[in-house]
Amino acid sequence: MSALILRKARVLVTMDDTRREIADCDLRIEGGVITAIGPDLALDGAETLDVSGCVVTPGLVNTHHHLYQTLTRTVPAAQDALLFGWLQTLYPIWARMTPEDMRVSAEVGLAELALSGCSLSSDHLYLYPNGVRLEDTIEAAAAIGLRFHPTRGAMSIGESDGGLPPDSLVEDEAAILDDAIRVIDAFHDPTPGAMVRVGVAPCSPFSVSRGLMRDAALLARDKGVMLHTHLAENDEDIAYSEAQFGCRPGQYAEELGWTGEDVWHAHCVKLDESEIDLFARSRTGVAHCPCSNCRLGSGIAPVRAMRDAGVHVALGVDGSASNDGNGMIAEARMALLLQRVQNGADAMSVREMLEIATRGGAQVLGRDDLGQLAVGMRADIAVWDVSGLEAAGAWDPVAALLLSGPSQVRDLFVEGRPVVRESRLVRRDAAALIAEQSRCLARLMA
């Protein structure tokens, strides 16, 4: 791979250890790594890309998603439902999905994420109907060109045993663990610069047994991979935990080995002060999903309190059936505004939220090779053109990213390779992808 120099960025937002923002700056990429930063870098035969008039940031990091849900946006019966009713409406639809549906829905979701500046996305796939496998989504990420952290989710307690999901969507627990071992051995790459890492992710405390939660934690630590699940999402979640387990969700997680720097939980809207302290002490991560939390009426997560306590917080767009989009900039803007609604206009700055969306996401996913623009870091880079209508009149081009626009990247590089150029996908034709999605959706709706 030949060297590439991004020339004359209006502002380079490094998110490095000193949070430098450098005006009129160049950045050199070679071998998938950032090799130099500074004004007027020597060309030395490198290819160049003019980024004058643009803000350049690290790629955004999405730490919670259900990509299969991209085929079930705006389902009428689920539009006004709370979490448990929403799930019960959608489970029968999801049970009809095929491997092709999974791959196409993942490609559509990841394409949207890429256009919104996301270079690394996790995914929580916890249902496997009709021969679906985790690699259906891994193939989709490779097709779009994004870095990917899929998790082998699972449900094991169906309706007949007092659980929420239909029996047709639950799996035998031994088979779940065996398949987790299979996908980790086949796809997980622990090396710096890895394009795929795999996690272990039972769906939630109300859809798997205590034994599976404990065994999943033991398996993940034996394999050296991360753990992920939903936790404390809404009032129903808290009530279920107290009724079934006799404790709050944070205590339940701690008892089963689900705290630590190799664990991140989605939502955490209803964490109390003691649980926030637990997560801070144990360095447990949180994926904050503000749009989904608003859509399902779950509440506003205590992000300000978590950050002040030292909890590692990142952003997640969550599934497209509860968002109903895949835009990281929209997610960051919503997170910013909600913290101000809850705590005051001075509670959260644009730059702190951009840090959560970039460096914070890399930290929660255990990636110390990503999330900042610094020499030696992997070249996951978003280029934002702030010369258009959305940012017209903006005095601060960095703040414009969340307060006015743009909402799409001009260019996106992952491992130094172009994924988006001039606001168009490089590896996939958007029209062809939409046609595939329409065909899958017609079959699913029929």
# chains A, B, ... in the order shown; residues from 1 in each chain; ligands from 1
$ residues_around --residues "stretch 83-89 of chain A" --least-positions-apart "3" --cutoff "8 Å" --atoms "only C-alpha atoms" --output "VMD selection string"
chain A and resid 77 to 79 92 to 93 164 to 165 234 236 296 298
$ write_last_selection --atoms "C-alpha atoms" --output "PDB file, in the first residue's frame"
ATOM      1  CA  ALA A  77     -47.330  -2.444  15.740  1.00  0.00           C
ATOM      2  CA  ALA A  78     -43.980  -1.737  17.386  1.00  0.00           C
ATOM      3  CA  GLN A  79     -43.857   2.016  16.871  1.00  0.00           C
ATOM      4  CA  PRO A  92     -42.154 -13.488  15.214  1.00  0.00           C
ATOM      5  CA  ILE A  93     -40.910 -11.364  12.310  1.00  0.00           C
ATOM      6  CA  LEU A 164     -39.664 -13.390  26.898  1.00  0.00           C
ATOM      7  CA  PRO A 165     -38.635 -14.806  23.461  1.00  0.00           C
ATOM      8  CA  ASN A 234     -35.642   0.567  31.703  1.00  0.00           C
ATOM      9  CA  GLU A 236     -39.277  -3.114  33.534  1.00  0.00           C
ATOM     10  CA  LEU A 296     -38.661   3.226  23.532  1.00  0.00           C
ATOM     11  CA  SER A 298     -36.640   4.084  28.522  1.00  0.00           C
TER      12      SER A 298
END
$ residues_around --residues "stretch 245-255 of chain A" --least-positions-apart "2" --cutoff "9 Å" --atoms "only C-alpha atoms" --output "list in words"
Pro205, Met213, Arg214, Leu231, Ala232, Asp237, Ile238, Ala239, Tyr240, Ser241, Glu242, Ala243, Gly257, Trp258, Thr259, Gly260, Leu271, Asp272, Ser274, Glu275, Ile276, Leu278 and Phe279 of chain A
$ closest_residue --among "A:Val317, A:Glu107, A:Val286, A:Val61" --to "A:Ala432" --atoms "only C-alpha atoms"
A:Glu107
$ atom_distance --atom1 "atom CA of A:Phe413" --atom2 "atom CA of A:Ile381"
5.1 Å
$ residues_around --residues "A:Ala301" --least-positions-apart "5" --cutoff "9 Å" --atoms "only C-alpha atoms" --output "list in words"
Glu233, His267, Cys268, Val269, Lys270, Leu271, His288, Cys289, Pro290, Asn293, Met306, Leu338 and Gln339 of chain A
$ residues_around --residues "stretch 124-136 of chain A" --least-positions-apart "5" --cutoff "6 Å" --atoms "only C-alpha atoms" --output "list in words"
His65, His66, Ala95, Thr98, Pro99, Arg103, Thr151, Gly153, Ala154 and Cys203 of chain A
$ write_last_selection --atoms "C-alpha atoms" --output "CSV table (one decimal), in the first residue's frame"
chain,number,residue,atom,x,y,z
A,65,HIS,CA,-26.0,-2.5,17.5
A,66,HIS,CA,-28.3,-5.2,16.2
A,95,ALA,CA,-37.9,-15.7,13.4
A,98,THR,CA,-32.7,-16.1,6.6
A,99,PRO,CA,-28.9,-15.9,6.2
A,103,ARG,CA,-26.2,-10.4,5.4
A,151,THR,CA,-20.5,-10.7,19.4
A,153,GLY,CA,-25.2,-13.5,21.4
A,154,ALA,CA,-27.8,-16.0,22.5
A,203,CYS,CA,-28.7,-11.3,25.1
$ residues_around --residues "A:Arg378" --least-positions-apart "6" --cutoff "7 Å" --atoms "only C-alpha atoms" --output "VMD selection string"
chain A and resid 32 to 34 193 369 to 370 415
$ select_by_dssp --residues "stretch 202-340 of chain A" --states "alpha helix (DSSP H)" --output "MDAnalysis selection string"
chainID A and resid 210:223 235:245 249:255 273:282 290:295 303:309 328:340
$ closest_residue --among "A:Met445, A:Val419, A:Ala374, A:Ala23" --to "A:Leu110" --atoms "only C-alpha atoms"
A:Val419
$ residues_around --residues "A:Gly162" --least-positions-apart "5" --cutoff "12 Å" --atoms "only C-alpha atoms" --output "list in words"
Ser156, Ile157, Asp167, Phe206, Ser207, Val208, Ser209, Tyr240 and Gln244 of chain A
$ residues_around --residues "A:Arg410" --least-positions-apart "6" --cutoff "6 Å" --atoms "only C-alpha atoms" --output "PDB file with N, CA, C and O atoms, in the first residue's frame"
ATOM      1  N   VAL A 383     -13.179  12.465   7.308  1.00  0.00           N
ATOM      2  CA  VAL A 383     -12.972  13.799   6.739  1.00  0.00           C
ATOM      3  C   VAL A 383     -14.339  14.443   6.526  1.00  0.00           C
ATOM      4  O   VAL A 383     -15.175  13.907   5.784  1.00  0.00           O
ATOM      5  N   TRP A 384     -14.553  15.568   7.172  1.00  0.00           N
ATOM      6  CA  TRP A 384     -15.857  16.243   7.160  1.00  0.00           C
ATOM      7  C   TRP A 384     -15.734  17.581   6.423  1.00  0.00           C
ATOM      8  O   TRP A 384     -14.980  18.463   6.838  1.00  0.00           O
ATOM      9  N   ASP A 385     -16.484  17.745   5.353  1.00  0.00           N
ATOM     10  CA  ASP A 385     -16.481  18.998   4.587  1.00  0.00           C
ATOM     11  C   ASP A 385     -17.424  19.988   5.266  1.00  0.00           C
ATOM     12  O   ASP A 385     -18.643  19.788   5.289  1.00  0.00           O
ATOM     13  N   GLU A 422     -15.815  11.173  -1.454  1.00  0.00           N
ATOM     14  CA  GLU A 422     -16.764  12.161  -1.972  1.00  0.00           C
ATOM     15  C   GLU A 422     -18.211  11.765  -1.641  1.00  0.00           C
ATOM     16  O   GLU A 422     -19.119  11.862  -2.462  1.00  0.00           O
ATOM     17  N   SER A 423     -18.391  11.306  -0.392  1.00  0.00           N
ATOM     18  CA  SER A 423     -19.710  10.964   0.156  1.00  0.00           C
ATOM     19  C   SER A 423     -20.377   9.785  -0.547  1.00  0.00           C
ATOM     20  O   SER A 423     -21.604   9.626  -0.487  1.00  0.00           O
TER      21      SER A 423
END
$ closest_residue --among "A:Ala3, A:Leu373, A:Ser292, A:Val200" --to "A:Val56" --atoms "only C-alpha atoms"
A:Leu373
$ atom_distance --atom1 "atom CA of A:Leu336" --atom2 "atom CA of A:Ser349"
7.4 Å
$ closest_residue --among "A:Asp262, A:Asp324, A:Glu100, A:Asp44" --to "A:Thr72" --atoms "only C-alpha atoms"
A:Asp324
